[in-house]
Every structure is written in structure tokens, then in C-alpha cells.
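Written below as C-alpha cells is the structure these notes are about.
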Amino acid sequence: MSKKSFIVMIIAILSMSGQAQVSNYTVNGIFPKMTEAMANQGVSFDTVSIINSATMELIAKQAVQNGKFSISGEVEKPYCAFIGVCVSSFANGEKRQRNIRFPIIIEPGEITFDATGRTPTLRGTPLNDAVYGVLEKRQSANNPQEFTDSIKQQVLLHKDDVAAIPLLLMLDDNMMDPEVLLTLINQCCADVQNHPNVIKVKEKAEAALSQQEGEMFKDFAVDYNGKTTRLSDYVGRGQYVLVDFWASWCGSCRQQIPALIGIYQQYKKKGLTVLGIAFRDKPEESEKAIRELGIPYPQIINAQDIPTSLYGIDAIPHTILFAPDGTIIARAIYGEELKAKLSEIFKY
């Protein structure tokens, strides 16, 4: 064999070896059958997209046909993405579209996306099984803390792989103690810690940690309808202030507002101000909800993501009680605990 032929053969072998390291993946999906009610509303599952959650790069897009889809590709190293499902419907003669996202880990193997049940699941490969196995425990958990503990355990089991990323996002949504959350993140590998979504979780946790009980409030300004409103227009002006971060689309927020109205009416003459801050909400939807719910206390509309970076708030409803000088008395205080605290403060 000539030297040239030998070199060509070596290159070919190395090339084949490199190709062998690239594994195939397939995502097969199935949606629920169209009911008569869905058909009457013009509901349809139109397209499915897979998008890299770190880079927001579109990996693949496919039309849903007969309630199914199948997307295949090649992956060298597992990475986090999400499946985006475009759903269409008709209301009042208008076509509406919305995109629903589900976390997925793109890894070698056959992944099944099943949306026929009450909660869509992704199964079939080790890392997706780990993530969605935890999600399925939500229904059987005896209390929120038990569910949170199960997520923490899985994060530690997967601290050296990308399954930890969507699991940490779940803990962020559950408003875990920020110090515990930061400790958990710091135990994970560099790939997990450096993922853009985990960086955001870490920043929010650090912000929340800097705004705990006893800390002075951080001011911010919101522009809406040509007017600038600041938190300091209400907080730090000699009155107790109960701030409620809420949104019109948040069912839990709307449920607790009647109780906040009652608190406002009970304590407003005794030195308590209740302030609503509309968070990640369309201003017109906020105003509509204010009218529908008959909210009498002042509002800061169009705050969007500002509270996230300053107060580490992501999940709502979220309340913060400020002292007359602007220091934080309590965070995430609701129901009977809030009533007891106000009764203690106002002796009433």
C-alpha cells in the first residue's frame, strides 16, 4: 500500500469514527383527538417547533398532521430546548394563535411527546424521564414542600448534566428560599451554571437575598400614559405599605384580591397603604381587571420585568410589607399570617 493510500485510509477511518459519535434522536408527538366542542371553536394544533433554550436558535419546525408529528436530527451532546406548539382558535369571528412551550432535552434516542393527558409529558430518554418524572410527582405530593424536596433531590442527582437546568427553573417558579437555591446552583457543573436561564435564576435569587426582611427598599420608576410613577411615591413616606405584585392573567392573584380589598378598607384610616403593581401584564388588561374586580387602592401599571431584577420576583402573587421608613417587614406574606401581622402592628 502506498503512503498516499495509507493516509487516505486513515482519514476515512477517522471520519467514520467522528460520525459514529453523532447520535440520532427522534421526537414523536401525539395530540388529543378533536372533540365536537374544539371543532366548533376552530381549535387546531398547527405547528411544532424545537428551539435551543440557550441560543434561541430554531432547530426544527414541522406542521402537525392528523394530530401527530415526528422530528428527527443529530445531536453530539445533550442540550436543553423547548417544544413550541402553535395552537389556533376562533373567538368572536377572529382567529387567535398562541404558543405553548414545554421543556425538552435533546439527547440520543426516541422521545415521545404525549399531549393527550391532563398534563403533556416527554418520555423515552434518560434525562427527559428524570425531568418529567419529577413533574408527575406534583399530583401525588402531599404538600408543596414535598414536591420541592423531590426537585432538589433530582437536581443533586443531575448536577453534572443538563437535566438540572429545567429542574432549577421549577424551583425558581416555586419561590424557593434564595440562599438554598444559590447553594444548589453552585453545586452544579459549569455547563449548568453558565446556561442563560440558570444565570437569570441566580441573579433573581441574589436580588431576593439582598431584599430580605430588614433591608431598605429599592426604588424604581415605571412610565405609562406619559406619566412616571415611582415606588418611592408610596414607600418610605411615613406609612406602612403592603405591595401586591399581580397580573390580570394570574388566577391566584385575582383570588386573593378581595381579601386585600378588605384589608385596605379595614386599615386605610389607621396608616396602611395597599399598592398593586401589575407585573408582566398588558396595561389594557391590567386596567380591565382593576375595573372588573373593583380595586379601590392605587396601582402601578406596566411594571413588566422591573420587579424581577430588583426584588427577585418571578412567581406571583407576591406581597411585600414595608415599614414607614421603607424597610422590609415581611415578604410573601398572605392569608391568616398577613392578618396576624397587621393586627400586631395596628393593635386592631
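Here, A, B, ... name the chains of the C-alpha cells in the order displayed, residue numbers run from 1 inside each chain, and ligands are numbered from 1 in the same displayed order.
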
Using only C-alpha atoms, find each residue in stretch 227-256 of chain A having at least one atom no more than 10 Å away from stretch 282-302 of chain A; report its shortest atom-to-atom pair and that distance in Å (one decimal), rows by chain then rising number, as JSON lines.
{"residue": "A:Thr228", "atom": "CA", "partner": "A:Ile300", "partner_atom": "CA", "distance": 9.6}
{"residue": "A:Thr229", "atom": "CA", "partner": "A:Ile300", "partner_atom": "CA", "distance": 6.9}
{"residue": "A:Arg230", "atom": "CA", "partner": "A:Ile300", "partner_atom": "CA", "distance": 8.2}
{"residue": "A:Leu231", "atom": "CA", "partner": "A:Ile300", "partner_atom": "CA", "distance": 8.2}
{"residue": "A:Tyr234", "atom": "CA", "partner": "A:Pro298", "partner_atom": "CA", "distance": 9.4}
{"residue": "A:Val243", "atom": "CA", "partner": "A:Gln299", "partner_atom": "CA", "distance": 9.5}
{"residue": "A:Asp244", "atom": "CA", "partner": "A:Gln299", "partner_atom": "CA", "distance": 9.3}
{"residue": "A:Phe245", "atom": "CA", "partner": "A:Ile300", "partner_atom": "CA", "distance": 9.6}
{"residue": "A:Trp246", "atom": "CA", "partner": "A:Ser286", "partner_atom": "CA", "distance": 9.2}
{"residue": "A:Ala247", "atom": "CA", "partner": "A:Ser286", "partner_atom": "CA", "distance": 6.7}
{"residue": "A:Ser248", "atom": "CA", "partner": "A:Ser286", "partner_atom": "CA", "distance": 5.4}
{"residue": "A:Trp249", "atom": "CA", "partner": "A:Glu285", "partner_atom": "CA", "distance": 8.3}
{"residue": "A:Arg254", "atom": "CA", "partner": "A:Leu293", "partner_atom": "CA", "distance": 7.9}
{"residue": "A:Gln255", "atom": "CA", "partner": "A:Leu293", "partner_atom": "CA", "distance": 9.9}

For the interface of stretch 176-252 of chain A with stretch 150-168 of chain A (cut-off 8 Å, counting only C-alpha atoms), please tabulate each contacting residue of stretch 176-252 of chain A alongside its nearest pair of atoms and their separation in Å to one decimal, rows sorted by chain and increasing number, as a tab-separated table.
residue	atom	partner	partner_atom	distance
A:Leu184	CA	A:Leu156	CA	7.7
A:Ile185	CA	A:Leu168	CA	7.7
A:Gln187	CA	A:Lys159	CA	6.8
A:Cys188	CA	A:Lys159	CA	4.4
A:Cys189	CA	A:Asp160	CA	5.0
A:Asp191	CA	A:Val162	CA	7.3
A:Val192	CA	A:Val162	CA	6.0
A:His195	CA	A:Ile165	CA	7.7
A:Asn197	CA	A:Ile165	CA	7.8
A:Val198	CA	A:Ile165	CA	6.6
A:Val201	CA	A:Leu168	CA	8.0

With C-alpha atoms retained, could you export that selection as a PDB file, in the first residue's frame?
ATOM      1  CA  LEU A 184     -27.867  24.319  44.967  1.00  0.00           C
ATOM      2  CA  ILE A 185     -26.832  26.142  41.774  1.00  0.00           C
ATOM      3  CA  GLN A 187     -23.065  22.632  43.350  1.00  0.00           C
ATOM      4  CA  CYS A 188     -23.852  22.125  39.652  1.00  0.00           C
ATOM      5  CA  CYS A 189     -21.357  21.764  36.826  1.00  0.00           C
ATOM      6  CA  ASP A 191     -22.486  23.827  31.785  1.00  0.00           C
ATOM      7  CA  VAL A 192     -25.485  24.138  34.098  1.00  0.00           C
ATOM      8  CA  HIS A 195     -26.767  28.365  30.909  1.00  0.00           C
ATOM      9  CA  ASN A 197     -31.703  30.642  32.043  1.00  0.00           C
ATOM     10  CA  VAL A 198     -29.820  29.481  35.142  1.00  0.00           C
ATOM     11  CA  VAL A 201     -32.388  32.354  38.154  1.00  0.00           C
TER      12      VAL A 201
END

Separation of atom CA of A:Gln265 from atom CA of A:Ser343 in Å: 13.9 Å

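Note that DSSP on the backbone gives strand (DSSP E) to these residues of stretch 92-186 of chain A: Glu94, Lys95, Arg96, Gln97, Arg98, Asn99, Ile100, Arg101, Phe102, Pro103, Ile104, Ile105, Ile106, Gly109, Glu110, Ile111, Thr112, Phe113, Asp114, Thr121, Leu122 and Arg123 of chain A.
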
- prompt: If you run DSSP on this backbone, which residues of stretch 9-98 of chain A come out as alpha helix (DSSP H), and could you give them as a ChimeraX atom specification?
  reply: /A:9-20,36-40

Keeping N, CA, C and O atoms, export the residues of the selection given above as a compact mmCIF listing (two decimals), in the first residue's frame.
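To be explicit, this is the file written out as again-v5.txt:
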# COMPACT_ATOMS: atom_id res chain seq x y z
N MET A 9 -6.72 6.26 3.79
CA MET A 9 -7.47 5.28 4.59
C MET A 9 -7.61 5.75 6.04
O MET A 9 -8.66 5.64 6.66
N ILE A 10 -6.54 6.30 6.61
CA ILE A 10 -6.57 6.79 7.99
C ILE A 10 -7.58 7.93 8.13
O ILE A 10 -8.37 7.97 9.09
N ILE A 11 -7.55 8.85 7.15
CA ILE A 11 -8.50 9.97 7.18
C ILE A 11 -9.93 9.45 7.13
O ILE A 11 -10.83 9.92 7.84
N ALA A 12 -10.16 8.45 6.28
CA ALA A 12 -11.51 7.88 6.15
C ALA A 12 -11.97 7.23 7.45
O ALA A 12 -13.12 7.38 7.87
N ILE A 13 -11.03 6.50 8.11
CA ILE A 13 -11.37 5.84 9.37
C ILE A 13 -11.70 6.88 10.44
O ILE A 13 -12.67 6.75 11.20
N LEU A 14 -10.86 7.92 10.50
CA LEU A 14 -11.11 8.98 11.49
C LEU A 14 -12.44 9.67 11.24
O LEU A 14 -13.18 10.01 12.16
N SER A 15 -12.75 9.87 9.96
CA SER A 15 -14.02 10.50 9.59
C SER A 15 -15.19 9.64 10.02
O SER A 15 -16.17 10.13 10.58
N MET A 16 -15.08 8.31 9.77
CA MET A 16 -16.15 7.40 10.17
C MET A 16 -16.29 7.36 11.68
O MET A 16 -17.38 7.30 12.22
N SER A 17 -15.13 7.42 12.37
CA SER A 17 -15.15 7.40 13.83
C SER A 17 -15.85 8.63 14.37
O SER A 17 -16.66 8.56 15.29
N GLY A 18 -15.58 9.81 13.74
CA GLY A 18 -16.23 11.04 14.16
C GLY A 18 -17.71 10.99 13.94
O GLY A 18 -18.51 11.43 14.77
N GLN A 19 -18.12 10.41 12.82
CA GLN A 19 -19.55 10.31 12.53
C GLN A 19 -20.25 9.38 13.50
O GLN A 19 -21.39 9.58 13.88
N ALA A 20 -19.52 8.35 13.96
CA ALA A 20 -20.13 7.39 14.87
C ALA A 20 -20.46 8.03 16.20
O ALA A 20 -21.33 7.56 16.94
N GLU A 36 -66.05 17.64 19.52
CA GLU A 36 -67.01 18.50 18.83
C GLU A 36 -66.90 19.94 19.31
O GLU A 36 -66.97 20.88 18.52
N ALA A 37 -66.69 20.10 20.63
CA ALA A 37 -66.56 21.45 21.20
C ALA A 37 -65.33 22.15 20.64
O ALA A 37 -65.38 23.35 20.30
N MET A 38 -64.23 21.42 20.54
CA MET A 38 -62.99 22.01 20.00
C MET A 38 -63.18 22.38 18.53
O MET A 38 -62.74 23.45 18.10
N ALA A 39 -63.87 21.50 17.80
CA ALA A 39 -64.10 21.79 16.38
C ALA A 39 -64.96 23.03 16.21
O ALA A 39 -64.73 23.85 15.31
N ASN A 40 -65.96 23.18 17.07
CA ASN A 40 -66.84 24.35 16.99
C ASN A 40 -66.09 25.65 17.27
O ASN A 40 -66.46 26.71 16.78

query: Can you list, as a PyMOL selection string, every protein, DNA or RNA residue that comes within 10 Å of A:Asp177 when you count only C-alpha atoms, leaving out same-chain residues fewer than 4 positions away?
result: chain A and resi 171-172+181-182+205+208-209

message: I need the residue nearest A:Cys80 from this list: A:Thr55, A:Ser232, A:Gln304, A:Asn66. Use only C-alpha atoms for the distance.
response: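 Checking each of A:Thr55, A:Ser232, A:Gln304, A:Asn66 against A:Cys80, counting only C-alpha atoms, the winner is A:Thr55.
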
Check which residues of stretch 228-279 of chain A sit at most 10 Å from stretch 316-327 of chain A using only C-alpha atoms, and return one row each with the closest pair of atoms and their distance in Å to one decimal, ordered by chain and rising number, as a Markdown table.
| residue | atom | partner | partner_atom | distance |
| --- | --- | --- | --- | --- |
| A:Ser232 | CA | A:Gly326 | CA | 8.6 |
| A:Tyr234 | CA | A:Gly326 | CA | 9.3 |
| A:Val235 | CA | A:Gly326 | CA | 5.5 |
| A:Gly236 | CA | A:Gly326 | CA | 4.0 |
| A:Arg237 | CA | A:Pro324 | CA | 6.2 |
| A:Gly238 | CA | A:Pro324 | CA | 4.2 |
| A:Gln239 | CA | A:Pro324 | CA | 4.3 |
| A:Tyr240 | CA | A:Pro324 | CA | 4.8 |
| A:Val241 | CA | A:Phe322 | CA | 5.1 |
| A:Leu242 | CA | A:Leu321 | CA | 4.5 |
| A:Val243 | CA | A:Ile320 | CA | 5.3 |
| A:Asp244 | CA | A:Thr319 | CA | 4.6 |
| A:Phe245 | CA | A:His318 | CA | 5.2 |
| A:Trp246 | CA | A:Pro317 | CA | 5.2 |
| A:Ala247 | CA | A:Ile316 | CA | 7.8 |
| A:Cys250 | CA | A:Ile316 | CA | 7.4 |
| A:Gly251 | CA | A:Pro317 | CA | 9.2 |
| A:Ser252 | CA | A:Pro317 | CA | 6.7 |
| A:Cys253 | CA | A:Pro317 | CA | 5.0 |
| A:Arg254 | CA | A:Pro317 | CA | 8.8 |
| A:Gln255 | CA | A:Pro317 | CA | 9.7 |
| A:Gln256 | CA | A:Pro317 | CA | 8.3 |
| A:Ile257 | CA | A:Pro317 | CA | 9.7 |
| A:Gly271 | CA | A:Pro324 | CA | 9.1 |
| A:Leu272 | CA | A:Pro324 | CA | 9.2 |
| A:Thr273 | CA | A:Phe322 | CA | 9.7 |
| A:Val274 | CA | A:Leu321 | CA | 9.2 |
| A:Leu275 | CA | A:Thr319 | CA | 9.8 |
| A:Gly276 | CA | A:Thr319 | CA | 9.3 |
| A:Ile277 | CA | A:Thr319 | CA | 9.9 |
| A:Phe279 | CA | A:Ile316 | CA | 8.4 |

Okay, now the selection with C-alpha atoms, as a short mmCIF file (atom, residue, chain, number, x, y, z; two decimals), in the first residue's frame?
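So again.cif came out as:
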data_model
loop_
_atom_site.label_atom_id
_atom_site.label_comp_id
_atom_site.auth_asym_id
_atom_site.auth_seq_id
_atom_site.Cartn_x
_atom_site.Cartn_y
_atom_site.Cartn_z
CA SER A 232 -40.97 55.88 46.41
CA TYR A 234 -45.72 55.39 48.21
CA VAL A 235 -42.96 53.59 50.15
CA GLY A 236 -40.76 55.33 52.73
CA ARG A 237 -43.20 58.20 53.29
CA GLY A 238 -44.20 57.53 56.88
CA GLN A 239 -46.88 54.87 56.35
CA TYR A 240 -46.95 51.10 56.31
CA VAL A 241 -47.29 49.90 52.72
CA LEU A 242 -48.48 46.48 51.57
CA VAL A 243 -47.40 45.93 47.97
CA ASP A 244 -49.11 43.26 45.90
CA PHE A 245 -47.34 42.13 42.72
CA TRP A 246 -50.03 40.69 40.46
CA ALA A 247 -51.27 40.29 36.87
CA CYS A 250 -52.88 35.18 37.18
CA GLY A 251 -55.83 33.27 38.66
CA SER A 252 -54.28 33.04 42.14
CA CYS A 253 -53.68 36.80 42.10
CA ARG A 254 -57.31 37.51 41.31
CA GLN A 255 -58.48 35.13 44.02
CA GLN A 256 -56.60 36.96 46.78
CA ILE A 257 -57.54 40.49 45.69
CA GLY A 271 -51.99 54.21 58.44
CA LEU A 272 -51.80 51.37 55.91
CA THR A 273 -51.44 51.91 52.18
CA VAL A 274 -52.13 48.98 49.84
CA LEU A 275 -50.43 49.27 46.45
CA GLY A 276 -50.88 46.99 43.45
CA ILE A 277 -48.06 46.57 40.93
CA PHE A 279 -46.31 42.54 36.67
#

task: Give the answer as one residue: which of A:Leu127, A:Ala207, A:Ile106, A:Val134 has the shortest atom-to-atom distance to A:Tyr79, using only C-alpha atoms?
output: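 The answer is A:Ile106, which sits nearest to A:Tyr79.
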
- prompt: atom CA of A:Arg98 and atom CA of A:Gly42, how far apart in Å?
  reply: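 Between atom CA of A:Gly42 and atom CA of A:Arg98 the gap is 13.4 Å.
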
query: Of the candidates A:Arg280, A:Gln62, A:Val180, A:Ala130, which one gets nearest to A:Ala303 if we count only C-alpha atoms?
result: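 Under the stated criterion, the closest residue is A:Arg280.
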